[in-house]
file protein-v1.tsv (TSV, C-alpha atoms)
chain	number	residue	atom	x	y	z
A	1	MET	CA	0.00	0.00	0.00
A	2	LYS	CA	1.29	3.46	-0.88
A	3	SER	CA	1.89	6.23	1.60
A	4	GLN	CA	-0.54	9.06	2.13
A	5	LEU	CA	-0.24	12.37	0.31
A	6	THR	CA	2.13	15.06	1.53
A	7	ASN	CA	2.35	18.73	0.55
A	8	HIS	CA	5.30	20.22	-1.34
A	9	GLN	CA	6.15	23.16	-3.55
A	10	VAL	CA	8.57	23.88	-6.37
A	11	GLU	CA	9.96	27.32	-7.18
A	12	LEU	CA	10.11	28.06	-10.89
A	13	GLN	CA	10.92	31.34	-12.59
A	14	ASP	CA	8.10	33.74	-11.64
A	15	CYS	CA	5.94	30.82	-10.48
A	16	THR	CA	5.53	28.62	-7.43
A	17	ILE	CA	3.88	25.24	-7.98
A	18	PHE	CA	2.16	23.67	-4.97
A	19	TYR	CA	1.60	19.94	-5.29
A	20	GLN	CA	0.60	16.87	-3.35
A	21	GLN	CA	2.59	13.68	-3.65
A	22	SER	CA	2.55	10.15	-2.37
A	23	LYS	CA	5.85	8.37	-1.85
A	24	LEU	CA	7.73	7.93	-5.11
A	25	GLU	CA	8.45	4.26	-5.79
A	26	SER	CA	11.32	3.51	-8.14
A	27	SER	CA	9.36	0.62	-9.65
A	28	SER	CA	6.24	2.68	-10.26
A	29	ILE	CA	5.42	5.13	-13.05
A	30	PRO	CA	3.74	8.12	-11.33
A	31	ILE	CA	0.28	9.40	-12.11
A	32	LEU	CA	0.20	13.13	-12.84
A	33	PHE	CA	-3.30	14.32	-11.88
A	34	LEU	CA	-4.56	17.61	-13.37
A	35	HIS	CA	-7.65	19.20	-11.85
A	36	GLY	CA	-10.51	21.02	-13.54
A	37	TRP	CA	-11.13	24.71	-14.24
A	38	GLY	CA	-11.52	27.25	-11.47
A	39	ILE	CA	-10.61	25.05	-8.51
A	40	SER	CA	-7.52	23.16	-7.28
A	41	THR	CA	-6.52	19.73	-6.01
A	42	GLN	CA	-8.36	20.40	-2.73
A	43	PRO	CA	-11.83	19.11	-3.76
A	44	TYR	CA	-10.20	15.93	-5.11
A	45	GLN	CA	-8.83	14.76	-1.75
A	46	GLU	CA	-10.91	11.59	-1.61
A	47	VAL	CA	-10.01	10.75	-5.21
A	48	LEU	CA	-6.31	11.37	-4.65
A	49	THR	CA	-6.26	9.42	-1.39
A	50	LEU	CA	-7.84	6.40	-3.08
A	51	LEU	CA	-5.38	6.59	-5.98
A	52	ALA	CA	-2.44	6.98	-3.57
A	53	GLN	CA	-3.33	3.68	-1.86
A	54	HIS	CA	-2.34	1.88	-5.05
A	55	HIS	CA	-0.08	4.16	-7.05
A	56	THR	CA	2.41	6.99	-6.87
A	57	ILE	CA	0.52	10.29	-7.26
A	58	ILE	CA	1.68	13.81	-8.17
A	59	ALA	CA	-1.15	16.34	-8.11
A	60	PRO	CA	-0.28	20.04	-8.62
A	61	ASP	CA	-2.51	23.05	-8.30
A	62	LEU	CA	-2.36	24.46	-11.83
A	63	PRO	CA	-0.21	27.61	-12.18
A	64	SER	CA	-1.84	30.67	-10.58
A	65	PHE	CA	-4.70	28.65	-9.08
A	66	ALA	CA	-5.13	28.37	-5.31
A	67	ARG	CA	-1.73	27.60	-3.75
A	68	SER	CA	0.32	27.82	-6.99
A	69	SER	CA	1.22	31.47	-7.37
A	70	TYR	CA	1.75	33.28	-10.67
A	71	SER	CA	0.85	36.89	-11.31
A	72	GLY	CA	0.68	36.85	-15.12
A	73	LEU	CA	-2.06	35.87	-17.53
A	74	ILE	CA	-1.74	32.37	-19.00
A	75	PRO	CA	-3.08	32.50	-22.55
A	76	ASP	CA	-3.45	28.88	-23.72
A	77	TYR	CA	-3.01	25.17	-23.09
A	78	VAL	CA	0.56	25.21	-24.40
A	79	SER	CA	1.60	27.80	-21.81
A	80	TYR	CA	0.12	25.71	-18.97
A	81	SER	CA	1.90	22.67	-20.38
A	82	LYS	CA	5.26	24.45	-20.47
A	83	PHE	CA	4.91	25.40	-16.80
A	84	LEU	CA	4.16	21.78	-15.95
A	85	LEU	CA	7.08	20.49	-18.02
A	86	SER	CA	9.42	22.77	-16.08
A	87	PHE	CA	7.84	21.47	-12.88
A	88	LEU	CA	8.33	17.84	-13.95
A	89	GLU	CA	11.95	18.54	-14.88
A	90	VAL	CA	12.62	19.75	-11.34
A	91	LEU	CA	11.07	16.51	-10.04
A	92	GLU	CA	13.21	14.57	-12.57
A	93	LEU	CA	10.24	12.59	-13.86
A	94	GLU	CA	11.08	10.90	-17.13
A	95	HIS	CA	7.80	9.03	-17.57
A	96	PHE	CA	4.29	9.43	-16.21
A	97	HIS	CA	0.65	8.56	-16.68
A	98	VAL	CA	-1.46	11.69	-16.95
A	99	VAL	CA	-5.07	12.07	-15.79
A	100	GLY	CA	-6.81	15.29	-16.79
A	101	GLN	CA	-10.35	16.23	-15.79
A	102	SER	CA	-12.18	18.91	-17.81
A	103	PHE	CA	-9.74	21.85	-18.22
A	104	GLY	CA	-6.96	19.57	-16.96
A	105	GLY	CA	-7.82	17.25	-19.85
A	106	GLY	CA	-7.03	19.95	-22.39
A	107	ILE	CA	-3.64	20.36	-20.75
A	108	ALA	CA	-3.14	16.58	-20.69
A	109	ILE	CA	-3.81	16.41	-24.43
A	110	THR	CA	-1.25	19.14	-25.05
A	111	LEU	CA	1.38	17.53	-22.82
A	112	SER	CA	0.85	14.19	-24.54
A	113	ALA	CA	1.37	15.80	-27.95
A	114	ILE	CA	4.41	17.89	-26.93
A	115	VAL	CA	6.35	15.15	-25.10
A	116	PRO	CA	4.92	11.82	-26.30
A	117	GLU	CA	8.09	10.04	-25.20
A	118	LYS	CA	7.34	10.90	-21.54
A	119	VAL	CA	3.64	9.96	-21.44
A	120	THR	CA	2.96	6.28	-20.73
A	121	SER	CA	-0.82	6.65	-20.87
A	122	VAL	CA	-3.40	9.43	-20.85
A	123	ILE	CA	-6.83	9.42	-19.22
A	124	LEU	CA	-9.14	12.23	-20.31
A	125	VAL	CA	-12.15	12.72	-18.04
A	126	ASP	CA	-14.95	14.82	-19.57
A	127	SER	CA	-12.17	16.81	-21.20
A	128	THR	CA	-12.14	20.18	-22.87
A	129	GLY	CA	-10.25	20.75	-26.14
A	130	ILE	CA	-13.04	20.79	-28.72
A	131	PRO	CA	-15.19	23.95	-28.73
A	132	THR	CA	-18.93	23.36	-28.68
A	133	LEU	CA	-20.77	25.94	-26.60
A	134	SER	CA	-21.13	29.72	-26.36
A	135	ILE	CA	-20.93	31.44	-22.97
A	136	PRO	CA	-24.75	31.90	-22.68
A	137	LYS	CA	-25.31	28.20	-23.45
A	138	ILE	CA	-22.62	27.04	-21.03
A	139	ILE	CA	-24.08	29.21	-18.25
A	140	LEU	CA	-27.50	27.64	-18.78
A	141	ARG	CA	-26.12	24.11	-18.90
A	142	ARG	CA	-23.92	24.65	-15.84
A	143	ALA	CA	-26.95	25.97	-13.94
A	144	ILE	CA	-28.84	22.78	-14.82
A	145	GLU	CA	-25.92	20.57	-13.79
A	146	MET	CA	-25.29	22.41	-10.52
A	147	THR	CA	-28.98	22.14	-9.61
A	148	PHE	CA	-28.87	18.41	-10.35
A	149	GLN	CA	-25.70	18.00	-8.28
A	150	LEU	CA	-27.48	19.37	-5.20
A	151	PHE	CA	-29.18	15.98	-4.99
A	152	LEU	CA	-25.96	13.99	-5.24
A	153	PRO	CA	-23.95	12.67	-2.23
A	154	ARG	CA	-21.09	14.44	-0.40
A	155	ARG	CA	-22.81	17.59	0.84
A	156	ARG	CA	-19.65	19.19	2.24
A	157	LEU	CA	-17.92	18.89	-1.14
A	158	LYS	CA	-20.64	20.73	-3.05
A	159	LEU	CA	-21.60	23.28	-0.39
A	160	ILE	CA	-18.21	24.09	1.16
A	161	ASP	CA	-15.09	22.68	-0.48
A	162	ILE	CA	-15.76	23.58	-4.12
A	163	PRO	CA	-17.38	27.00	-3.45
A	164	LEU	CA	-14.55	28.03	-1.12
A	165	VAL	CA	-11.72	27.33	-3.55
A	166	PHE	CA	-13.65	28.68	-6.53
A	167	CYS	CA	-14.46	31.94	-4.70
A	168	TYR	CA	-10.83	32.27	-3.63
A	169	ASN	CA	-9.65	31.88	-7.23
A	170	LEU	CA	-12.33	34.23	-8.52
A	171	LEU	CA	-11.30	36.93	-6.03
A	172	PHE	CA	-7.52	36.55	-6.17
A	173	ASN	CA	-6.98	35.00	-9.61
A	174	THR	CA	-9.75	36.70	-11.57
A	175	GLY	CA	-7.78	37.10	-14.80
A	176	ASN	CA	-6.85	33.44	-15.19
A	177	VAL	CA	-10.26	32.22	-14.02
A	178	ILE	CA	-11.83	34.19	-16.88
A	179	GLN	CA	-9.04	33.34	-19.33
A	180	GLY	CA	-9.26	29.67	-18.36
A	181	LEU	CA	-12.97	29.70	-19.12
A	182	LEU	CA	-12.31	31.25	-22.53
A	183	ILE	CA	-9.61	28.65	-23.24
A	184	SER	CA	-12.01	25.87	-22.24
A	185	LEU	CA	-14.80	27.18	-24.44
A	186	TYR	CA	-12.96	28.41	-27.51
A	187	GLU	CA	-9.46	26.95	-27.88
A	188	ASP	CA	-9.59	24.15	-30.42
A	189	ILE	CA	-6.77	21.65	-29.97
A	190	SER	CA	-8.30	18.92	-32.11
A	191	TYR	CA	-5.24	19.25	-34.38
A	192	LEU	CA	-3.17	17.81	-31.51
A	193	LEU	CA	-5.31	14.70	-31.07
A	194	PRO	CA	-3.52	12.63	-33.79
A	195	LYS	CA	-0.28	13.35	-31.91
A	196	VAL	CA	-1.55	11.67	-28.72
A	197	LEU	CA	0.33	8.42	-29.28
A	198	ALA	CA	0.12	6.89	-25.80
A	199	PRO	CA	-2.75	4.53	-24.97
A	200	CYS	CA	-5.70	6.77	-24.15
A	201	LEU	CA	-8.85	6.27	-22.08
A	202	LEU	CA	-11.74	8.67	-22.62
A	203	LEU	CA	-13.82	8.48	-19.44
A	204	TRP	CA	-17.13	10.32	-19.77
A	205	SER	CA	-20.49	10.79	-18.10
A	206	GLU	CA	-23.43	10.15	-20.43
A	207	LYS	CA	-25.20	13.05	-18.70
A	208	ASP	CA	-22.42	15.62	-19.15
A	209	LEU	CA	-23.90	18.90	-20.42
A	210	THR	CA	-20.67	20.92	-20.21
A	211	THR	CA	-18.49	18.78	-22.48
A	212	PRO	CA	-21.11	16.53	-24.09
A	213	LEU	CA	-20.54	12.93	-25.07
A	214	SER	CA	-20.33	13.98	-28.73
A	215	ASN	CA	-16.98	15.61	-27.84
A	216	ALA	CA	-15.68	12.28	-26.56
A	217	GLN	CA	-16.90	10.50	-29.66
A	218	GLU	CA	-15.12	13.03	-31.87
A	219	MET	CA	-11.90	12.61	-29.86
A	220	ALA	CA	-12.18	8.83	-30.03
A	221	ALA	CA	-12.37	9.02	-33.82
A	222	ILE	CA	-9.12	11.01	-34.01
A	223	ILE	CA	-6.81	9.77	-31.21
A	224	PRO	CA	-4.92	6.75	-32.61
A	225	ASN	CA	-4.94	4.32	-29.66
A	226	THR	CA	-7.99	5.13	-27.62
A	227	LYS	CA	-10.87	3.57	-25.74
A	228	LEU	CA	-14.12	5.35	-24.85
A	229	MET	CA	-15.84	4.36	-21.63
A	230	THR	CA	-19.04	5.99	-20.37
A	231	VAL	CA	-20.74	6.02	-16.99
A	232	GLU	CA	-24.34	6.75	-16.07
A	233	GLU	CA	-23.50	8.64	-12.88
A	234	GLY	CA	-23.37	12.35	-12.23
A	235	CYS	CA	-22.67	15.10	-14.73
A	236	HIS	CA	-19.48	16.91	-15.75
A	237	GLU	CA	-17.75	16.44	-12.36
A	238	TRP	CA	-19.09	12.94	-11.72
A	239	GLY	CA	-15.75	11.65	-10.47
A	240	LEU	CA	-15.94	13.91	-7.42
A	241	TRP	CA	-19.29	12.49	-6.38
A	242	TYR	CA	-18.43	8.86	-7.11
A	243	PRO	CA	-14.71	8.60	-6.25
A	244	GLU	CA	-14.63	4.83	-5.74
A	245	LYS	CA	-15.89	4.07	-9.23
A	246	PHE	CA	-13.84	6.89	-10.74
A	247	THR	CA	-10.55	5.73	-9.26
A	248	SER	CA	-11.18	2.04	-9.94
A	249	LEU	CA	-11.69	2.72	-13.66
A	250	ILE	CA	-8.49	4.79	-13.80
A	251	LEU	CA	-6.43	2.21	-11.93
A	252	ASP	CA	-7.79	-0.70	-13.98
A	253	PHE	CA	-6.77	1.03	-17.20
A	254	ILE	CA	-3.29	1.89	-15.91
A	255	CYS	CA	-2.84	-1.66	-14.62
A	256	GLN	CA	-3.64	-3.02	-18.09
A	257	ILE	CA	-1.12	-0.63	-19.67
A	258	GLU	CA	1.65	-1.54	-17.24
A	259	LYS	CA	1.21	-5.26	-17.90
A	260	TYR	CA	2.53	-4.79	-21.43

call {"tool": "encode", "arguments": {"input": "protein-v1.tsv", "output": "structure tokens"}}
result
Amino acid sequence: MKSQLTNHQVELQDCTIFYQQSKLESSSIPILFLHGWGISTQPYQEVLTLLAQHHTIIAPDLPSFARSSYSGLIPDYVSYSKFLLSFLEVLELEHFHVVGQSFGGGIAITLSAIVPEKVTSVILVDSTGIPTLSIPKIILRRAIEMTFQLFLPRRRLKLIDIPLVFCYNLLFNTGNVIQGLLISLYEDISYLLPKVLAPCLLLWSEKDLTTPLSNAQEMAAIIPNTKLMTVEEGCHEWGLWYPEKFTSLILDFICQIEKY
């Protein structure tokens, strides 16, 4: 069994990256976990703890979000990826699995295309990367999803943990919260999908209104070595509400990859 997560930070030029890590095992390829838009690793504690019981985990707050400080505006997925590559160089990680949820998925796609030799597998969870919705439509759909999520389990998560970190980012990281939303909605990185050469799992909720299942189907048709798996639970952030199922699907896929 792996150790529990501990907190660390790395100082880069003009940027401090806060991250959580379980004990690095020399025989294990780490999982790099990238959180969704507007929040941080904090709401994913149950997910990360479950993953850390079975695998080495590295989970950073994305640059400028929450505990990772950066004062500038980050314009696109490539810029986020370059920060993370510098971060991984400091940690001396040569290979990793990458899990990206929503906005983190867009970054995971970009990382996988930029440094395919480092990425052992990629798991995209209700990922961004293909534009589909205007701001008015996304506001309406998010309102529907958030209303639906009020009836899901884990009351503290939806009423305290997520609102607290989102409000903090909105107040103290307003520029990149807005810019991140624009990136999520409008930056089209479908041209990178053929360059995702590592085995890829697309893990999607059938009820996702934010990044609909049609996005996953389009990605599955372009990414060379990919598998699409859907779940009935939840909406866009279903993994937060159903962490046991979420983590078991991730770990099963990684286990299959590491057998070969």

call {"tool": "axis_aligned_box", "arguments": {"input": "protein-v1.tsv", "around": "range 10-19 of chain A", "padding_each_side": "8 Å", "output": "lines of an AutoDock Vina configuration file"}}
result
center_x = 6.3
center_y = 26.8
center_z = -8.8
size_x = 25.3
size_y = 29.8
size_z = 23.6

call {"tool": "closest_residue", "arguments": {"input": "protein-v1.tsv", "among": "A:Ile139, A:Leu5, A:Ile178, A:Ile257", "to": "Phe96 in chain A", "atoms": "all atoms listed in the file"}}
result
A:Ile257

call {"tool": "residues_around", "arguments": {"input": "protein-v1.tsv", "residues": "range 142-157 of chain A", "least_positions_apart": "4", "cutoff": "7 Å", "atoms": "only C-alpha atoms", "output": "list in words"}}
result
Pro43, Ile138, Asp161, Ile162, Thr210, Cys235 and Trp241 of chain A

call {"tool": "write_last_selection", "arguments": {"input": "protein-v1.tsv", "atoms": "C-alpha atoms", "output": "mmCIF file, in the frame of the given file"}}
result
data_model
loop_
_atom_site.group_PDB
_atom_site.id
_atom_site.type_symbol
_atom_site.label_atom_id
_atom_site.label_comp_id
_atom_site.auth_asym_id
_atom_site.auth_seq_id
_atom_site.Cartn_x
_atom_site.Cartn_y
_atom_site.Cartn_z
ATOM 1 C CA PRO A 43 -11.830 19.110 -3.760
ATOM 2 C CA ILE A 138 -22.620 27.040 -21.030
ATOM 3 C CA ASP A 161 -15.090 22.680 -0.480
ATOM 4 C CA ILE A 162 -15.760 23.580 -4.120
ATOM 5 C CA THR A 210 -20.670 20.920 -20.210
ATOM 6 C CA CYS A 235 -22.670 15.100 -14.730
ATOM 7 C CA TRP A 241 -19.290 12.490 -6.380
#

call {"tool": "atom_distance", "arguments": {"input": "protein-v1.tsv", "atom1": "CA of Lys195 in chain A", "atom2": "CA of Ser81 in chain A"}}
result
15.0 Å

call {"tool": "residues_around", "arguments": {"input": "protein-v1.tsv", "residues": "Thr226 in chain A", "least_positions_apart": "6", "cutoff": "6 Å", "atoms": "all atoms listed in the file", "output": "list of chain:residue names"}}
result
A:Pro199, A:Cys200, A:Leu201

call {"tool": "closest_residue", "arguments": {"input": "protein-v1.tsv", "among": "A:Val47, A:Leu85, A:Leu32, A:Leu124", "to": "Val196 in chain A", "atoms": "all atoms listed in the file"}}
result
A:Leu124

call {"tool": "residues_around", "arguments": {"input": "protein-v1.tsv", "residues": "range 52-57 of chain A", "least_positions_apart": "4", "cutoff": "9 Å", "atoms": "all atoms listed in the file", "output": "PyMOL selection string"}}
result
chain A and resi 1-5+20-25+28-33+47-48+251

call {"tool": "decode", "arguments": {"input": "protein-v1.tsv", "residues": "range 85-152 of chain A", "atoms": "C-alpha atoms", "output": "short mmCIF file (atom, residue, chain, number, x, y, z; two decimals), in the first residue's frame"}}
result
data_model
loop_
_atom_site.label_atom_id
_atom_site.label_comp_id
_atom_site.auth_asym_id
_atom_site.auth_seq_id
_atom_site.Cartn_x
_atom_site.Cartn_y
_atom_site.Cartn_z
CA LEU A 85 7.08 20.49 -18.02
CA SER A 86 9.42 22.77 -16.08
CA PHE A 87 7.84 21.47 -12.88
CA LEU A 88 8.33 17.84 -13.95
CA GLU A 89 11.95 18.54 -14.88
CA VAL A 90 12.62 19.75 -11.34
CA LEU A 91 11.07 16.51 -10.04
CA GLU A 92 13.21 14.57 -12.57
CA LEU A 93 10.24 12.59 -13.86
CA GLU A 94 11.08 10.90 -17.13
CA HIS A 95 7.80 9.03 -17.57
CA PHE A 96 4.29 9.43 -16.21
CA HIS A 97 0.65 8.56 -16.68
CA VAL A 98 -1.46 11.69 -16.95
CA VAL A 99 -5.07 12.07 -15.79
CA GLY A 100 -6.81 15.29 -16.79
CA GLN A 101 -10.35 16.23 -15.79
CA SER A 102 -12.18 18.91 -17.81
CA PHE A 103 -9.74 21.85 -18.22
CA GLY A 104 -6.96 19.57 -16.96
CA GLY A 105 -7.82 17.25 -19.85
CA GLY A 106 -7.03 19.95 -22.39
CA ILE A 107 -3.64 20.36 -20.75
CA ALA A 108 -3.14 16.58 -20.69
CA ILE A 109 -3.81 16.41 -24.43
CA THR A 110 -1.25 19.14 -25.05
CA LEU A 111 1.38 17.53 -22.82
CA SER A 112 0.85 14.19 -24.54
CA ALA A 113 1.37 15.80 -27.95
CA ILE A 114 4.41 17.89 -26.93
CA VAL A 115 6.35 15.15 -25.10
CA PRO A 116 4.92 11.82 -26.30
CA GLU A 117 8.09 10.04 -25.20
CA LYS A 118 7.34 10.90 -21.54
CA VAL A 119 3.64 9.96 -21.44
CA THR A 120 2.96 6.28 -20.73
CA SER A 121 -0.82 6.65 -20.87
CA VAL A 122 -3.40 9.43 -20.85
CA ILE A 123 -6.83 9.42 -19.22
CA LEU A 124 -9.14 12.23 -20.31
CA VAL A 125 -12.15 12.72 -18.04
CA ASP A 126 -14.95 14.82 -19.57
CA SER A 127 -12.17 16.81 -21.20
CA THR A 128 -12.14 20.18 -22.87
CA GLY A 129 -10.25 20.75 -26.14
CA ILE A 130 -13.04 20.79 -28.72
CA PRO A 131 -15.19 23.95 -28.73
CA THR A 132 -18.93 23.36 -28.68
CA LEU A 133 -20.77 25.94 -26.60
CA SER A 134 -21.13 29.72 -26.36
CA ILE A 135 -20.93 31.44 -22.97
CA PRO A 136 -24.75 31.90 -22.68
CA LYS A 137 -25.31 28.20 -23.45
CA ILE A 138 -22.62 27.04 -21.03
CA ILE A 139 -24.08 29.21 -18.25
CA LEU A 140 -27.50 27.64 -18.78
CA ARG A 141 -26.12 24.11 -18.90
CA ARG A 142 -23.92 24.65 -15.84
CA ALA A 143 -26.95 25.97 -13.94
CA ILE A 144 -28.84 22.78 -14.82
CA GLU A 145 -25.92 20.57 -13.79
CA MET A 146 -25.29 22.41 -10.52
CA THR A 147 -28.98 22.14 -9.61
CA PHE A 148 -28.87 18.41 -10.35
CA GLN A 149 -25.70 18.00 -8.28
CA LEU A 150 -27.48 19.37 -5.20
CA PHE A 151 -29.18 15.98 -4.99
CA LEU A 152 -25.96 13.99 -5.24
#
